[in-house]
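J.: What follows is structure07.txt, compact mmCIF, C-alpha atoms.
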```txt
# COMPACT_ATOMS: atom_id res chain seq x y z
CA MET A 1 -29.36 4.67 1.11
CA CYS A 2 -31.03 1.29 0.48
CA PHE A 3 -32.86 0.69 -2.78
CA PRO A 4 -35.32 -2.09 -3.63
CA ASN A 5 -32.91 -3.38 -6.32
CA ARG A 6 -29.48 -2.71 -7.82
CA THR A 7 -30.51 -1.42 -11.24
CA ALA A 8 -29.28 1.71 -12.96
CA GLU A 9 -32.88 2.86 -13.54
CA THR A 10 -33.73 2.88 -9.83
CA PHE A 11 -30.62 4.82 -8.85
CA THR A 12 -30.98 7.19 -11.83
CA ALA A 13 -34.52 8.01 -10.73
CA TRP A 14 -33.36 8.66 -7.17
CA LEU A 15 -30.52 10.92 -8.33
CA ARG A 16 -32.93 12.93 -10.48
CA GLN A 17 -35.26 13.37 -7.47
CA HIS A 18 -32.25 14.60 -5.46
CA PRO A 19 -30.31 16.90 -7.80
CA GLY A 20 -27.04 18.58 -6.89
CA ALA A 21 -24.92 15.54 -6.00
CA GLU A 22 -21.28 16.55 -6.23
CA ILE A 23 -19.69 13.40 -4.84
CA VAL A 24 -21.14 9.88 -5.00
CA CYS A 25 -19.58 7.22 -2.81
CA ARG A 26 -20.57 3.87 -4.27
CA ASP A 27 -19.67 0.21 -4.44
CA ARG A 28 -18.26 -1.48 -7.52
CA ALA A 29 -21.61 -2.15 -9.24
CA SER A 30 -21.48 -0.96 -12.85
CA ALA A 31 -25.21 -0.11 -12.69
CA TYR A 32 -24.48 2.57 -10.08
CA ALA A 33 -21.63 3.98 -12.16
CA GLU A 34 -23.93 4.17 -15.18
CA ALA A 35 -26.66 5.88 -13.14
CA VAL A 36 -24.24 8.54 -11.88
CA ARG A 37 -22.92 9.18 -15.40
CA THR A 38 -26.51 9.57 -16.63
CA ALA A 39 -28.20 11.54 -13.83
CA ALA A 40 -25.24 13.41 -12.30
CA PRO A 41 -22.52 13.60 -14.95
CA ASP A 42 -20.53 16.26 -13.08
CA ALA A 43 -20.43 14.29 -9.81
CA VAL A 44 -17.17 12.72 -8.73
CA GLN A 45 -17.47 8.98 -8.13
CA ILE A 46 -15.43 7.45 -5.33
CA ALA A 47 -15.19 3.94 -3.93
CA GLU A 48 -16.03 3.49 -0.29
CA ARG A 49 -13.44 2.15 2.16
CA PHE A 50 -14.68 -1.46 2.25
CA HIS A 51 -14.34 -1.91 -1.50
CA LEU A 52 -10.97 -0.14 -1.63
CA TRP A 53 -9.74 -2.62 0.98
CA LEU A 54 -11.37 -5.53 -0.86
CA ASN A 55 -9.72 -4.50 -4.15
CA LEU A 56 -6.34 -4.20 -2.44
CA CYS A 57 -6.66 -7.63 -0.81
CA LYS A 58 -7.73 -9.33 -4.04
CA THR A 59 -4.93 -7.70 -6.02
CA ALA A 60 -2.31 -8.55 -3.39
CA GLY A 61 -3.62 -12.13 -3.23
CA LYS A 62 -3.33 -12.50 -7.01
CA GLY A 63 0.24 -11.19 -6.86
CA VAL A 64 1.19 -13.64 -4.11
CA VAL A 65 -0.37 -16.57 -5.99
CA ALA A 66 1.33 -15.55 -9.24
CA HIS A 67 4.75 -15.29 -7.56
CA ARG A 68 4.52 -17.97 -4.87
CA ARG A 69 7.31 -19.96 -6.53
CA CYS A 70 9.59 -16.96 -6.02
CA LEU A 71 9.19 -17.28 -2.25
CA VAL A 72 11.80 -19.74 -1.06
CA PRO A 73 12.69 -20.54 2.54
CA PRO A 74 15.96 -19.02 3.75
CA GLU A 75 19.00 -21.29 3.64
CA ASP A 76 21.01 -22.17 6.75
CA GLU A 77 19.36 -19.56 8.93
CA ASP A 78 19.58 -20.24 12.64
CA GLN A 79 15.98 -20.27 13.94
CA ASP A 80 17.10 -19.76 17.54
CA GLU A 81 19.05 -16.60 16.78
CA VAL A 82 18.22 -13.68 19.06
CA VAL A 83 17.32 -10.55 17.12
CA GLU A 84 18.27 -7.27 18.74
CA ALA A 85 15.80 -4.39 18.75
CA PRO A 86 16.49 -1.77 16.06
CA ALA A 87 18.30 1.35 17.26
CA GLY A 88 15.96 3.88 18.82
CA LEU A 89 13.40 1.29 19.96
CA THR A 90 13.00 0.26 23.56
CA ALA A 91 11.14 -2.66 25.09
CA ILE A 92 7.71 -1.62 26.30
CA GLU A 93 7.32 -1.98 30.01
CA GLY A 94 4.24 -1.95 32.15
CA LYS A 95 1.51 -4.24 33.39
CA ARG A 96 0.01 -5.06 29.97
CA ALA A 97 3.39 -5.87 28.39
CA ALA A 98 4.36 -8.00 31.39
CA ASN A 99 1.03 -9.87 31.26
CA THR A 100 1.41 -10.48 27.52
CA ARG A 101 4.90 -11.92 28.00
CA ARG A 102 3.76 -14.01 30.98
CA HIS A 103 0.77 -15.44 29.09
CA PHE A 104 2.88 -16.18 26.02
CA ALA A 105 5.44 -18.02 28.18
CA ALA A 106 2.70 -19.96 30.03
CA VAL A 107 1.04 -21.05 26.79
CA ASN A 108 4.35 -22.24 25.34
CA GLU A 109 5.33 -24.06 28.54
CA MET A 110 2.04 -25.97 28.65
CA TYR A 111 2.11 -26.62 24.90
CA ASP A 112 5.64 -28.04 25.15
CA LYS A 113 4.38 -30.45 27.83
CA GLY A 114 1.75 -31.75 25.39
CA VAL A 115 -1.28 -30.05 26.96
CA ALA A 116 -4.18 -29.64 24.50
CA ILE A 117 -5.06 -26.13 23.34
CA GLU A 118 -8.58 -26.44 24.80
CA VAL A 119 -7.15 -27.31 28.23
CA ILE A 120 -4.62 -24.47 28.03
CA SER A 121 -7.45 -22.11 27.09
CA LYS A 122 -9.57 -23.12 30.09
CA THR A 123 -6.65 -23.22 32.52
CA LEU A 124 -5.31 -19.78 31.59
CA ARG A 125 -8.79 -18.34 30.97
CA MET A 126 -7.80 -17.27 27.46
CA ASP A 127 -9.73 -17.55 24.21
CA ARG A 128 -8.86 -20.72 22.30
CA LYS A 129 -7.83 -18.70 19.21
CA THR A 130 -5.45 -16.58 21.29
CA VAL A 131 -3.89 -19.72 22.77
CA GLN A 132 -3.61 -21.29 19.34
CA SER A 133 -1.92 -18.24 17.83
CA SER A 134 0.49 -18.10 20.79
CA SER A 135 1.45 -21.77 20.62
CA PRO A 136 4.39 -22.92 18.48
CA GLY A 137 2.26 -25.46 16.61
CA GLY A 138 -0.64 -23.06 16.12
CA ARG A 139 1.03 -20.85 13.58
CA GLU A 140 3.28 -21.15 10.57
CA VAL A 141 5.31 -18.06 11.41
CA PRO A 142 7.66 -17.64 14.34
CA PRO A 143 6.30 -16.18 17.58
CA PRO A 144 6.20 -12.40 17.85
CA PRO A 145 9.32 -10.54 18.97
CA PRO A 146 9.36 -8.75 22.32
CA LEU A 147 6.93 -5.85 22.48
CA LEU A 148 8.72 -2.79 21.15
CA GLY A 149 7.84 0.84 20.76
CA LEU A 150 9.41 4.17 20.05
CA PRO A 151 10.95 5.92 23.04
CA GLY A 152 8.18 7.72 24.89
CA ALA A 153 5.43 6.05 22.79
CA ALA A 154 2.34 4.67 24.47
CA GLY A 155 1.98 1.42 22.51
CA PRO A 156 3.57 -1.02 20.10
CA GLY A 157 1.96 0.32 16.90
CA LEU A 158 -0.58 -0.98 14.43
CA PRO A 159 -2.40 -4.29 14.99
CA GLU A 160 -2.28 -7.29 12.66
```
Could I get this structure in the form of structure tokens?
T.:
Amino acid sequence: MCFPNRTAETFTAWLRQHPGAEIVCRDRASAYAEAVRTAAPDAVQIAERFHLWLNLCKTAGKGVVAHRRCLVPPEDEDQDEVVEAPAGLTAIEGKRAANTRRHFAAVNEMYDKGVAIEVISKTLRMDRKTVQSSSPGGREVPPPPPLLGLPGAAGPGLPE
């Protein structure tokens, strides 16, 4: 529902015109909370998904900033070390997995030769952001491991 403003009075009036609300899904505005307490005191107030996610991100961000000095780079860790797949996981095979590996290798080969990301993007017909995230200099984290999945699973799991 869209209201002409974000005041408690407007939402209170609307709730009184529409009695019987048992659950009110709202954003974080205190005016809406006040309106629900006034016009529908027995209604359960819940936050909608966007604001739950926003709250989680803000809280996690504050925690990372507060403890960033605790995060130290690992000592004497070999960056070229090959990591074996955990037990029970198998490499995903198929056309999409093969194409992903082939594109990743092509991007890195061209990048290592000094080819600009824009040129790689046009040559391989890939979005510039995809090329940048696949290139060694385009990210601060190491490249992704081989595509893995559970035995018999259709895909690698949840996205970024």
J.: Just to confirm, what's the straight-line distance from CA of Ala39 in chain A to CA of Leu15 in chain A in Å (one decimal)?
T.: 6.0 Å
J.: Quick one: residues within 10 Å of range 102-110 of chain A, only C-alpha atoms, excluding same-chain residues fewer than 2 positions away - as a ChimeraX atom specification?
T.: /A:96-100,112-117,119-121,123-124,126,130-137,143-144
J.: Find the axis-aligned box for range 36-49 of chain A, covering all its listed atoms and adding 6 Å on each side, and write its centre and edge lengths in Å to one decimal as AutoDock Vina command-line options.
T.:
```
--center_x -20.8 --center_y 9.2 --center_z -7.2 --size_x 26.8 --size_y 26.1 --size_z 30.8
```
J.: Which residues, written as a list in words, have at least one atom at most 9 Å from Ile46 in chain A, with all atoms listed in the file counted and residues fewer than 2 positions away on the same chain left out?
T.: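 In the requested format, the answer is Ile23, Val24, Cys25, Arg26, Asp27, Val44 and Glu48 of chain A.
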J.: For a test of reading the model, state the distance in Å between CA of Trp14 in chain A and CA of Val36 in chain A, rounded to one decimal.
T.: 10.3 Å
J.: Expressed in Å to a single decimal, how great is the separation between CA of Glu34 in chain A and CA of Ala8 in chain A?
T.: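 Calculated distance between CA of Glu34 in chain A and CA of Ala8 in chain A is 6.3 Å.
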J.: Can you tell me, as a count of residues only, which residues sit within 8 Å of (-25.9, 14.3, -12.5) in the file's frame, using only C-alpha atoms?
T.: 13
